[in-house]
There are 2 protein chains.
Amino acid sequence: MDIVRLDQYGQVKFTLYGHGPRDVSVLMHAFDDVNSDELSDIYGKGEIIEAFQDKMAKLLGKPAAVFFPSGTMAQQIALRQWCDDVQSYKVAYHPLCHLEIHEQDGLKKLHPIKTVLIGQKNKLFTLDEVKSLGDDVKVLLIELPQREVGGLVPTYNELTAISAYCKEEGIKLHLDGARLLEVLPYYEKSAAEICALFDSVYMSFYKGIGSLAGAVLAGPEDFVESSKIWKRRYGGDLISLYPYIIPADYHYELRKDRFKDYYELARLLAYKLNQCPGIKTVPKIPQSNMFHTYINHPIEEVKEIFETVYKETDIGLVPMLRKTEDGTAMFEYAVGDLLGRLSAHQLDKFCMSLKTAMTDKEQ
Amino acid sequence: MDIVRLDQYGQVKFTLYGHGPRDVSVLMHAFDDVNSDELSDIYGKGEIIEAFQDKMAKLLGKPAAVFFPSGTMAQQIALRQWCDDVQSYKVAYHPLCHLEIHEQDGLKKLHPIKTVLIGQKNKLFTLDEVKSLGDDVKVLLIELPQREVGGLVPTYNELTAISAYCKEEGIKLHLDGARLLEVLPYYEKSAAEICALFDSVYMSFYKGIGSLAGAVLAGPEDFVESSKIWKRRYGGDLISLYPYIIPADYHYELRKDRFKDYYELARLLAYKLNQCPGIKTVPKIPQSNMFHTYINHPIEEVKEIFETVYKETDIGLVPMLRKTEDGTAMFEYAVGDLLGRLSAHQLDKFCMSLKTAMTDKEQ
């Protein structure tokens, strides 16, 4: 997908994208209050890693958890293990699943696994579509929220029905919960309550939590123990993972109670954007802290409008636009700390300016 | 292998193992002089990662290099690519190669690769043994120094002869240079001069360099470019690798000129240990900063002797002993910064105390 940078974003006083720049301070702040003689974890052992894994297992309501440098590694390993478990090497997931579009086919290149794409690109798959999978598909991945369709999630009823069906049919159900904390305010459930519907779950520390990198994979004891063997095979069992673990814990504690705010602000912002002629968010009412926004004009014109609004208001919403197939513009937006720092008055000023510009454009 | 801890090691004033404890200060010091607004690398792009990769490529005398979270990942990917290149999926290496004994068979579980063990466990393999490999073996790994046999290395002549033979026969030659800088004083060659004998090379940042984790893989441009694709497949293409890169660069700069000292001190210490009755180092004269030491008494008795010497001298050499197959003791020792901080007089005191204790034991 073509990317068009909005140069004006770098010039404004207030930027609204995520939690702020990914600079070295993100690491340095996390170590401010750490004792310098605290001992490193060593190849998966030691207080730092074990305590954090236990804490995450508890959060996710699973017997055990293991820290990984990346979700890519964690999820491939989860799926491989479930395939070994059920002795069937077909995994079903959404056509825009991270494993299908962002991992250079790692799952298929490193394992004897075939994948089955379920449902359509621009929507969630349904219980009926799960039911129509072949008998040889015994492993299913669900992503909550489904990032590439704007962060949509199934209703809790649909989710429990899919989970129950999988249990009946002996289908192992894995949760791509990269952004799990981001959907809890919508469901009004705890992480453990959502994870109880799945056999295993992965959660990321650099999406909504805003840390550096790293992920956790949680599930049954034996599943987690053998994940550690696969982690070594992949070269993920680093002698020291604390450079990611300490920041992950720091940022988890910093932000764990802010996800309701992110969610409400996402709904507010999406509402305001939808007031602008020619602008439409997907979903219309966000179900997490994120949504996609489509602007129905050629991307070059949208760039001009946005940069003018940024300049006029001294506020920048996103640093770039993406070109859609028909040449118009879209962007993904996920609420982080920055939006919450803006006053309601400022946000209104920005949206009014955008609305005026879009109204002029439409006429 | 059974491990016996020497509890007294934690009680003495002077410890001599490596560079010191692997605590959080190893990371924190590396960030002391870093500007907190320096931007993170993003998925392998950005100044921090690109500049360091270029620097390492130059050091190793190769067209390009890529930073990996681990050597395990880097080397499996190197070997897989050479196999694809020669269209033959047999790799030859030493029976105690890292890939054979420390990686839970990752290479064989993640790739359609078979391995051929060349030579004997307790010595280096030779040019003649390379010549006797089957015609279908077109990828060879050499480890310099060969850690599991005390850090032995072939002579430079033998090495060039093996390299020339491989070139003639179309065998791709990969260097496991986890401890590459550690052997340069013995060869009296630059890293680039040694690497010129190989098609690709991996070097680690947490062995002699003493950083946190991380590795570099260097070789031809296209080899390195496709390594990046495999790195993404493995889940090693982290959004931020700077928590390892900045410390790797810091510790490389800190220690790059100390390897000659480590080497000379290893020779001195081995010489002194060999003066003690019942103690023998392998090799007798170290060829790098490391060697193995065998103490010809039951491990329980050796533990007692060592702990007494530690207490008497307030100096601790190693924190643990390993049990050999015949129940006696051995340890691996690699010279780092700590040994250099000890005065010659203190080192002598330690070795004399050990010699006296061993002499008493032998009588």
# chains A, B, ... in the order shown; residues from 1 in each chain; ligands from 1
$ interface_residues --of "chain B" --to "chain A" --cutoff "9 Å" --atoms "only C-alpha atoms" --output "ChimeraX atom specification"
/B:21-28,31,34-42,69-74,76,102-107,109-111,206,212-214,229-230,232-244
$ select_by_dssp --residues "region 265-353 of chain B" --states "helix (DSSP H, G or I)" --output "MDAnalysis selection string"
chainID B and resid 265:274 299:313 337:341 344:353
$ write_last_selection --atoms "N, CA, C and O atoms" --output "short mmCIF file (atom, residue, chain, number, x, y, z; two decimals), in the first residue's frame"
data_model
loop_
_atom_site.label_atom_id
_atom_site.label_comp_id
_atom_site.auth_asym_id
_atom_site.auth_seq_id
_atom_site.Cartn_x
_atom_site.Cartn_y
_atom_site.Cartn_z
N LEU B 265 46.68 -13.07 29.36
CA LEU B 265 46.33 -13.46 30.73
C LEU B 265 45.85 -14.91 30.77
O LEU B 265 46.11 -15.62 31.75
N ALA B 266 45.15 -15.35 29.74
CA ALA B 266 44.72 -16.75 29.68
C ALA B 266 45.94 -17.67 29.66
O ALA B 266 45.97 -18.70 30.35
N ARG B 267 46.94 -17.30 28.88
CA ARG B 267 48.17 -18.10 28.81
C ARG B 267 48.88 -18.13 30.16
O ARG B 267 49.35 -19.18 30.60
N LEU B 268 48.93 -16.96 30.80
CA LEU B 268 49.60 -16.88 32.11
C LEU B 268 48.87 -17.74 33.14
O LEU B 268 49.49 -18.54 33.86
N LEU B 269 47.56 -17.58 33.20
CA LEU B 269 46.79 -18.33 34.19
C LEU B 269 46.88 -19.83 33.93
O LEU B 269 47.06 -20.62 34.87
N ALA B 270 46.76 -20.23 32.66
CA ALA B 270 46.85 -21.66 32.33
C ALA B 270 48.22 -22.21 32.73
O ALA B 270 48.33 -23.32 33.28
N TYR B 271 49.25 -21.44 32.47
CA TYR B 271 50.60 -21.86 32.86
C TYR B 271 50.67 -22.13 34.36
O TYR B 271 51.17 -23.17 34.81
N LYS B 272 50.11 -21.22 35.14
CA LYS B 272 50.15 -21.35 36.60
C LYS B 272 49.30 -22.53 37.07
O LYS B 272 49.68 -23.25 38.00
N LEU B 273 48.15 -22.72 36.45
CA LEU B 273 47.29 -23.84 36.86
C LEU B 273 47.98 -25.17 36.56
O LEU B 273 47.89 -26.12 37.35
N ASN B 274 48.67 -25.22 35.44
CA ASN B 274 49.36 -26.45 35.06
C ASN B 274 50.53 -26.79 36.00
O ASN B 274 51.03 -27.91 35.98
N ILE B 299 34.81 -34.87 42.37
CA ILE B 299 34.35 -33.48 42.37
C ILE B 299 34.06 -32.95 43.77
O ILE B 299 34.29 -31.77 44.06
N GLU B 300 33.58 -33.80 44.67
CA GLU B 300 33.27 -33.34 46.02
C GLU B 300 34.54 -32.86 46.72
O GLU B 300 34.53 -31.89 47.47
N GLU B 301 35.66 -33.59 46.45
CA GLU B 301 36.92 -33.19 47.08
C GLU B 301 37.46 -31.91 46.44
O GLU B 301 38.03 -31.06 47.13
N VAL B 302 37.28 -31.79 45.16
CA VAL B 302 37.74 -30.57 44.47
C VAL B 302 36.96 -29.36 44.97
O VAL B 302 37.52 -28.28 45.20
N LYS B 303 35.69 -29.57 45.16
CA LYS B 303 34.84 -28.48 45.71
C LYS B 303 35.42 -27.99 47.04
O LYS B 303 35.55 -26.79 47.26
N GLU B 304 35.78 -28.94 47.88
CA GLU B 304 36.31 -28.59 49.20
C GLU B 304 37.63 -27.82 49.07
O GLU B 304 37.83 -26.79 49.72
N ILE B 305 38.50 -28.32 48.21
CA ILE B 305 39.79 -27.64 47.99
C ILE B 305 39.58 -26.22 47.49
O ILE B 305 40.14 -25.26 48.02
N PHE B 306 38.74 -26.08 46.47
CA PHE B 306 38.53 -24.74 45.88
C PHE B 306 37.92 -23.78 46.91
O PHE B 306 38.34 -22.64 47.02
N GLU B 307 36.96 -24.26 47.65
CA GLU B 307 36.31 -23.35 48.60
C GLU B 307 37.29 -22.94 49.70
O GLU B 307 37.25 -21.80 50.16
N THR B 308 38.18 -23.84 50.09
CA THR B 308 39.20 -23.50 51.08
C THR B 308 40.16 -22.45 50.52
O THR B 308 40.48 -21.46 51.19
N VAL B 309 40.59 -22.65 49.29
CA VAL B 309 41.50 -21.69 48.65
C VAL B 309 40.81 -20.33 48.48
O VAL B 309 41.41 -19.28 48.73
N TYR B 310 39.55 -20.36 48.07
CA TYR B 310 38.80 -19.10 47.92
C TYR B 310 38.78 -18.34 49.25
O TYR B 310 38.98 -17.14 49.30
N LYS B 311 38.52 -19.09 50.33
CA LYS B 311 38.39 -18.48 51.65
C LYS B 311 39.73 -17.91 52.10
O LYS B 311 39.82 -16.79 52.59
N GLU B 312 40.77 -18.70 51.90
CA GLU B 312 42.11 -18.33 52.35
C GLU B 312 42.63 -17.09 51.61
O GLU B 312 43.29 -16.24 52.20
N THR B 313 42.34 -16.99 50.31
CA THR B 313 42.93 -15.91 49.49
C THR B 313 41.96 -14.75 49.26
O THR B 313 42.36 -13.70 48.77
N ASP B 337 37.24 -8.88 31.92
CA ASP B 337 37.85 -7.74 32.61
C ASP B 337 38.31 -8.05 34.02
O ASP B 337 39.25 -7.43 34.52
N LEU B 338 37.65 -8.99 34.69
CA LEU B 338 37.92 -9.17 36.12
C LEU B 338 39.36 -9.62 36.39
O LEU B 338 39.99 -9.14 37.33
N LEU B 339 39.86 -10.55 35.57
CA LEU B 339 41.21 -11.06 35.83
C LEU B 339 42.24 -9.94 35.72
O LEU B 339 43.20 -9.87 36.49
N GLY B 340 42.02 -9.05 34.78
CA GLY B 340 42.96 -7.94 34.57
C GLY B 340 42.99 -6.95 35.72
O GLY B 340 43.95 -6.19 35.87
N ARG B 341 41.95 -6.96 36.54
CA ARG B 341 41.91 -6.02 37.68
C ARG B 341 42.71 -6.54 38.86
O ARG B 341 43.00 -5.79 39.79
N ALA B 344 49.31 -8.90 39.75
CA ALA B 344 50.08 -10.13 39.53
C ALA B 344 50.38 -10.81 40.87
O ALA B 344 50.35 -12.04 40.98
N HIS B 345 50.61 -10.02 41.88
CA HIS B 345 50.89 -10.55 43.21
C HIS B 345 49.70 -11.34 43.75
O HIS B 345 49.84 -12.45 44.28
N GLN B 346 48.51 -10.79 43.57
CA GLN B 346 47.30 -11.48 44.05
C GLN B 346 47.07 -12.79 43.30
O GLN B 346 46.73 -13.81 43.88
N LEU B 347 47.26 -12.72 41.98
CA LEU B 347 47.06 -13.92 41.17
C LEU B 347 48.04 -15.01 41.62
O LEU B 347 47.68 -16.19 41.72
N ASP B 348 49.25 -14.59 41.89
CA ASP B 348 50.27 -15.53 42.36
C ASP B 348 49.87 -16.15 43.70
O ASP B 348 50.01 -17.35 43.90
N LYS B 349 49.35 -15.33 44.57
CA LYS B 349 48.91 -15.82 45.89
C LYS B 349 47.84 -16.90 45.70
O LYS B 349 47.91 -17.97 46.32
N PHE B 350 46.89 -16.63 44.82
CA PHE B 350 45.82 -17.59 44.57
C PHE B 350 46.40 -18.91 44.04
O PHE B 350 46.07 -20.00 44.53
N CYS B 351 47.26 -18.81 43.04
CA CYS B 351 47.78 -20.02 42.40
C CYS B 351 48.70 -20.80 43.35
O CYS B 351 48.70 -22.04 43.34
N MET B 352 49.45 -20.10 44.17
CA MET B 352 50.32 -20.78 45.14
C MET B 352 49.47 -21.53 46.17
O MET B 352 49.79 -22.65 46.54
N SER B 353 48.39 -20.90 46.61
CA SER B 353 47.51 -21.53 47.59
C SER B 353 46.88 -22.79 46.99
O SER B 353 46.81 -23.84 47.65
#
$ residues_around --residues "Met330 (chain A)" --least-positions-apart "4" --cutoff "8 Å" --atoms "only C-alpha atoms" --output "ChimeraX atom specification"
/A:292-295,321-324
$ write_last_selection --atoms "C-alpha atoms" --output "PDB file, in the first residue's frame"
ATOM      1  CA  HIS A 292      -9.883   3.093  10.211  1.00  0.00           C
ATOM      2  CA  THR A 293     -10.851   6.318   8.504  1.00  0.00           C
ATOM      3  CA  TYR A 294     -11.666   6.675   4.799  1.00  0.00           C
ATOM      4  CA  ILE A 295     -11.583  10.069   3.095  1.00  0.00           C
ATOM      5  CA  LEU A 321      -2.038   8.592   4.842  1.00  0.00           C
ATOM      6  CA  ARG A 322      -2.386   5.387   2.865  1.00  0.00           C
ATOM      7  CA  LYS A 323      -3.646   5.201  -0.691  1.00  0.00           C
ATOM      8  CA  THR A 324      -6.638   2.930  -1.202  1.00  0.00           C
TER       9      THR A 324
END
$ residues_around --residues "Val335 (chain A)" --least-positions-apart "5" --cutoff "7 Å" --atoms "only C-alpha atoms" --output "list in words"
Gly18, Tyr262, Ala266, Asn289 and Met290 of chain A
$ closest_residue --among "A:Leu342, A:Ile77, A:Leu124, A:Ala161" --to "Tyr93 (chain A)" --atoms "only C-alpha atoms"
A:Leu124
$ closest_residue --among "A:Ala334, A:Lys172, A:His98, A:Val66" --to "Glu225 (chain A)" --atoms "only C-alpha atoms"
A:Val66
$ residues_around --residues "Gln87 (chain A)" --least-positions-apart "6" --cutoff "12 Å" --atoms "only C-alpha atoms" --output "list in words"
Leu79, Arg80, Gln81, Pro112, Ile113, Asp136, Val137, Lys138, Val139, Gly170, Ile171 and Lys172 of chain A
$ write_last_selection --atoms "N, CA and C atoms" --output "mmCIF file, in the first residue's frame"
data_model
loop_
_atom_site.group_PDB
_atom_site.id
_atom_site.type_symbol
_atom_site.label_atom_id
_atom_site.label_comp_id
_atom_site.auth_asym_id
_atom_site.auth_seq_id
_atom_site.Cartn_x
_atom_site.Cartn_y
_atom_site.Cartn_z
ATOM 1 N N LEU A 79 0.649 -22.291 17.207
ATOM 2 C CA LEU A 79 -0.111 -23.028 16.191
ATOM 3 C C LEU A 79 0.560 -24.358 15.868
ATOM 4 N N ARG A 80 1.903 -24.362 15.785
ATOM 5 C CA ARG A 80 2.611 -25.617 15.526
ATOM 6 C C ARG A 80 2.313 -26.649 16.599
ATOM 7 N N GLN A 81 2.286 -26.171 17.832
ATOM 8 C CA GLN A 81 2.042 -27.112 18.922
ATOM 9 C C GLN A 81 0.627 -27.665 18.901
ATOM 10 N N PRO A 112 5.373 -27.713 8.644
ATOM 11 C CA PRO A 112 4.598 -28.430 7.612
ATOM 12 C C PRO A 112 3.111 -28.122 7.755
ATOM 13 N N ILE A 113 2.792 -26.836 7.749
ATOM 14 C CA ILE A 113 1.423 -26.402 8.034
ATOM 15 C C ILE A 113 0.817 -25.718 6.812
ATOM 16 N N ASP A 136 -10.817 -31.605 8.543
ATOM 17 C CA ASP A 136 -9.396 -31.731 8.845
ATOM 18 C C ASP A 136 -8.805 -30.459 9.449
ATOM 19 N N VAL A 137 -9.616 -29.407 9.564
ATOM 20 C CA VAL A 137 -9.132 -28.177 10.218
ATOM 21 C C VAL A 137 -9.428 -28.281 11.706
ATOM 22 N N LYS A 138 -8.390 -28.442 12.479
ATOM 23 C CA LYS A 138 -8.587 -28.656 13.915
ATOM 24 C C LYS A 138 -7.931 -27.567 14.749
ATOM 25 N N VAL A 139 -7.430 -26.526 14.058
ATOM 26 C CA VAL A 139 -6.826 -25.398 14.773
ATOM 27 C C VAL A 139 -7.366 -24.100 14.157
ATOM 28 N N GLY A 170 -13.510 -30.499 18.973
ATOM 29 C CA GLY A 170 -12.083 -30.784 19.188
ATOM 30 C C GLY A 170 -11.165 -29.852 18.410
ATOM 31 N N ILE A 171 -11.673 -28.657 18.097
ATOM 32 C CA ILE A 171 -10.846 -27.651 17.406
ATOM 33 C C ILE A 171 -10.144 -26.793 18.457
ATOM 34 N N LYS A 172 -8.802 -26.717 18.353
ATOM 35 C CA LYS A 172 -8.044 -25.888 19.289
ATOM 36 C C LYS A 172 -8.192 -24.428 18.868
#
$ residues_around --residues "Gly219 (chain A)" --least-positions-apart "6" --cutoff "9 Å" --atoms "only C-alpha atoms" --output "short mmCIF file (atom, residue, chain, number, x, y, z; two decimals) with N, CA and C atoms, in the first residue's frame"
data_model
loop_
_atom_site.label_atom_id
_atom_site.label_comp_id
_atom_site.auth_asym_id
_atom_site.auth_seq_id
_atom_site.Cartn_x
_atom_site.Cartn_y
_atom_site.Cartn_z
N ALA A 57 0.32 -14.77 33.43
CA ALA A 57 -0.53 -15.96 33.45
C ALA A 57 -1.79 -15.68 34.27
N LEU A 60 -4.18 -13.32 32.47
CA LEU A 60 -4.87 -13.96 31.35
C LEU A 60 -5.66 -15.20 31.79
N GLY A 61 -5.56 -15.51 33.07
CA GLY A 61 -6.34 -16.63 33.62
C GLY A 61 -5.92 -17.99 33.09
N LYS A 62 -4.62 -18.14 32.80
CA LYS A 62 -4.12 -19.42 32.29
C LYS A 62 -3.11 -19.99 33.29
N PRO A 63 -2.92 -21.32 33.25
CA PRO A 63 -1.99 -21.92 34.22
C PRO A 63 -0.55 -21.41 34.10
N ALA A 64 -0.12 -21.05 32.90
CA ALA A 64 1.28 -20.65 32.74
C ALA A 64 1.41 -19.70 31.56
N ALA A 65 2.56 -19.02 31.54
CA ALA A 65 2.84 -18.09 30.44
C ALA A 65 4.33 -18.04 30.21
N PHE A 198 -10.66 -19.48 25.06
CA PHE A 198 -9.60 -19.94 24.15
C PHE A 198 -8.68 -20.94 24.85
N ASP A 199 -8.04 -21.78 24.03
CA ASP A 199 -7.06 -22.73 24.58
C ASP A 199 -5.72 -22.05 24.88
N SER A 200 -5.38 -21.05 24.08
CA SER A 200 -4.12 -20.33 24.30
C SER A 200 -4.30 -18.90 23.83
N VAL A 201 -3.43 -18.05 24.32
CA VAL A 201 -3.54 -16.62 23.98
C VAL A 201 -2.16 -16.00 23.91
#
$ atom_distance --atom1 "CA of Ile142 (chain A)" --atom2 "CA of Pro220 (chain A)"
18.1 Å
$ residues_around --residues "Phe125 (chain A)" --least-positions-apart "2" --cutoff "10 Å" --atoms "only C-alpha atoms" --output "list in words"
Tyr93, His94, Pro95, Leu117, Ile118, Gly119, Gln120, Lys121, Asn122, Lys123, Leu127, Asp128, Glu129, Val130, Ile142, Val153 and Pro154 of chain A
$ write_last_selection --atoms "N, CA and C atoms" --output "PDB file, in the first residue's frame"
ATOM      1  N   TYR A  93      -7.595 -19.203   9.656  1.00  0.00           N
ATOM      2  CA  TYR A  93      -7.616 -17.845  10.197  1.00  0.00           C
ATOM      3  C   TYR A  93      -8.149 -16.878   9.157  1.00  0.00           C
ATOM      4  N   HIS A  94      -8.380 -15.628   9.578  1.00  0.00           N
ATOM      5  CA  HIS A  94      -8.905 -14.562   8.729  1.00  0.00           C
ATOM      6  C   HIS A  94      -7.917 -14.259   7.592  1.00  0.00           C
ATOM      7  N   PRO A  95      -8.431 -13.876   6.420  1.00  0.00           N
ATOM      8  CA  PRO A  95      -7.533 -13.589   5.287  1.00  0.00           C
ATOM      9  C   PRO A  95      -6.512 -12.480   5.568  1.00  0.00           C
ATOM     10  N   LEU A 117      -7.997 -19.870   4.664  1.00  0.00           N
ATOM     11  CA  LEU A 117      -8.512 -18.519   4.920  1.00  0.00           C
ATOM     12  C   LEU A 117     -10.020 -18.602   5.088  1.00  0.00           C
ATOM     13  N   ILE A 118     -10.493 -18.024   6.168  1.00  0.00           N
ATOM     14  CA  ILE A 118     -11.903 -18.169   6.490  1.00  0.00           C
ATOM     15  C   ILE A 118     -12.591 -16.809   6.463  1.00  0.00           C
ATOM     16  N   GLY A 119     -13.668 -16.720   5.710  1.00  0.00           N
ATOM     17  CA  GLY A 119     -14.413 -15.473   5.595  1.00  0.00           C
ATOM     18  C   GLY A 119     -13.821 -14.519   4.575  1.00  0.00           C
ATOM     19  N   GLN A 120     -14.313 -13.281   4.630  1.00  0.00           N
ATOM     20  CA  GLN A 120     -13.912 -12.278   3.643  1.00  0.00           C
ATOM     21  C   GLN A 120     -12.976 -11.244   4.254  1.00  0.00           C
ATOM     22  N   LYS A 121     -12.208 -10.602   3.364  1.00  0.00           N
ATOM     23  CA  LYS A 121     -11.189  -9.655   3.813  1.00  0.00           C
ATOM     24  C   LYS A 121     -11.748  -8.499   4.627  1.00  0.00           C
ATOM     25  N   ASN A 122     -12.916  -7.996   4.213  1.00  0.00           N
ATOM     26  CA  ASN A 122     -13.382  -6.735   4.797  1.00  0.00           C
ATOM     27  C   ASN A 122     -14.377  -6.897   5.945  1.00  0.00           C
ATOM     28  N   LYS A 123     -14.511  -8.116   6.466  1.00  0.00           N
ATOM     29  CA  LYS A 123     -15.394  -8.308   7.621  1.00  0.00           C
ATOM     30  C   LYS A 123     -14.888  -9.452   8.505  1.00  0.00           C
ATOM     31  N   LEU A 127     -19.727 -17.652  12.980  1.00  0.00           N
ATOM     32  CA  LEU A 127     -19.889 -19.031  13.454  1.00  0.00           C
ATOM     33  C   LEU A 127     -20.249 -19.957  12.297  1.00  0.00           C
ATOM     34  N   ASP A 128     -21.128 -19.497  11.415  1.00  0.00           N
ATOM     35  CA  ASP A 128     -21.523 -20.340  10.281  1.00  0.00           C
ATOM     36  C   ASP A 128     -20.320 -20.669   9.402  1.00  0.00           C
ATOM     37  N   GLU A 129     -19.461 -19.684   9.208  1.00  0.00           N
ATOM     38  CA  GLU A 129     -18.266 -19.945   8.399  1.00  0.00           C
ATOM     39  C   GLU A 129     -17.314 -20.906   9.109  1.00  0.00           C
ATOM     40  N   VAL A 130     -17.246 -20.811  10.414  1.00  0.00           N
ATOM     41  CA  VAL A 130     -16.426 -21.767  11.172  1.00  0.00           C
ATOM     42  C   VAL A 130     -17.007 -23.172  10.990  1.00  0.00           C
ATOM     43  N   ILE A 142      -8.366 -16.738  16.220  1.00  0.00           N
ATOM     44  CA  ILE A 142      -9.218 -15.551  16.180  1.00  0.00           C
ATOM     45  C   ILE A 142      -8.406 -14.370  16.687  1.00  0.00           C
ATOM     46  N   VAL A 153     -14.743  -6.506  16.420  1.00  0.00           N
ATOM     47  CA  VAL A 153     -14.771  -7.730  17.235  1.00  0.00           C
ATOM     48  C   VAL A 153     -16.150  -8.363  17.118  1.00  0.00           C
ATOM     49  N   PRO A 154     -16.229  -9.679  17.237  1.00  0.00           N
ATOM     50  CA  PRO A 154     -17.548 -10.313  17.289  1.00  0.00           C
ATOM     51  C   PRO A 154     -18.223  -9.984  18.617  1.00  0.00           C
TER      52      PRO A 154
END
$ closest_residue --among "A:Tyr156, A:Tyr333, A:Phe52, A:Tyr263" --to "Pro247 (chain A)" --atoms "only C-alpha atoms"
A:Phe52
$ closest_residue --among "A:Leu254, A:Met320, A:Ala357, A:Ile48" --to "Leu6 (chain A)" --atoms "only C-alpha atoms"
A:Met320
$ decode --residues "region 130-142 of chain B" --atoms "N, CA and C atoms" --output "short mmCIF file (atom, residue, chain, number, x, y, z; two decimals), in the first residue's frame"
data_model
loop_
_atom_site.label_atom_id
_atom_site.label_comp_id
_atom_site.auth_asym_id
_atom_site.auth_seq_id
_atom_site.Cartn_x
_atom_site.Cartn_y
_atom_site.Cartn_z
N VAL B 130 37.65 -33.17 6.13
CA VAL B 130 36.78 -32.39 5.23
C VAL B 130 36.77 -33.05 3.84
N LYS B 131 37.94 -33.49 3.41
CA LYS B 131 38.04 -34.11 2.08
C LYS B 131 37.27 -35.42 1.98
N SER B 132 37.10 -36.06 3.13
CA SER B 132 36.41 -37.35 3.08
C SER B 132 34.89 -37.22 3.22
N LEU B 133 34.38 -35.99 3.28
CA LEU B 133 32.92 -35.80 3.31
C LEU B 133 32.31 -36.25 1.98
N GLY B 134 31.07 -36.70 2.03
CA GLY B 134 30.39 -37.10 0.79
C GLY B 134 30.22 -35.93 -0.16
N ASP B 135 30.05 -36.26 -1.44
CA ASP B 135 29.89 -35.24 -2.48
C ASP B 135 28.64 -34.38 -2.29
N ASP B 136 27.67 -34.92 -1.54
CA ASP B 136 26.41 -34.18 -1.38
C ASP B 136 26.47 -33.16 -0.24
N VAL B 137 27.61 -33.12 0.47
CA VAL B 137 27.75 -32.10 1.52
C VAL B 137 28.37 -30.86 0.90
N LYS B 138 27.59 -29.83 0.80
CA LYS B 138 28.04 -28.61 0.11
C LYS B 138 28.03 -27.39 1.03
N VAL B 139 27.79 -27.64 2.33
CA VAL B 139 27.81 -26.55 3.30
C VAL B 139 28.57 -27.03 4.54
N LEU B 140 29.54 -26.23 4.95
CA LEU B 140 30.39 -26.59 6.09
C LEU B 140 30.45 -25.43 7.07
N LEU B 141 30.34 -25.75 8.35
CA LEU B 141 30.47 -24.73 9.40
C LEU B 141 31.74 -25.00 10.19
N ILE B 142 32.54 -23.98 10.39
CA ILE B 142 33.71 -24.06 11.27
C ILE B 142 33.52 -23.06 12.40
#
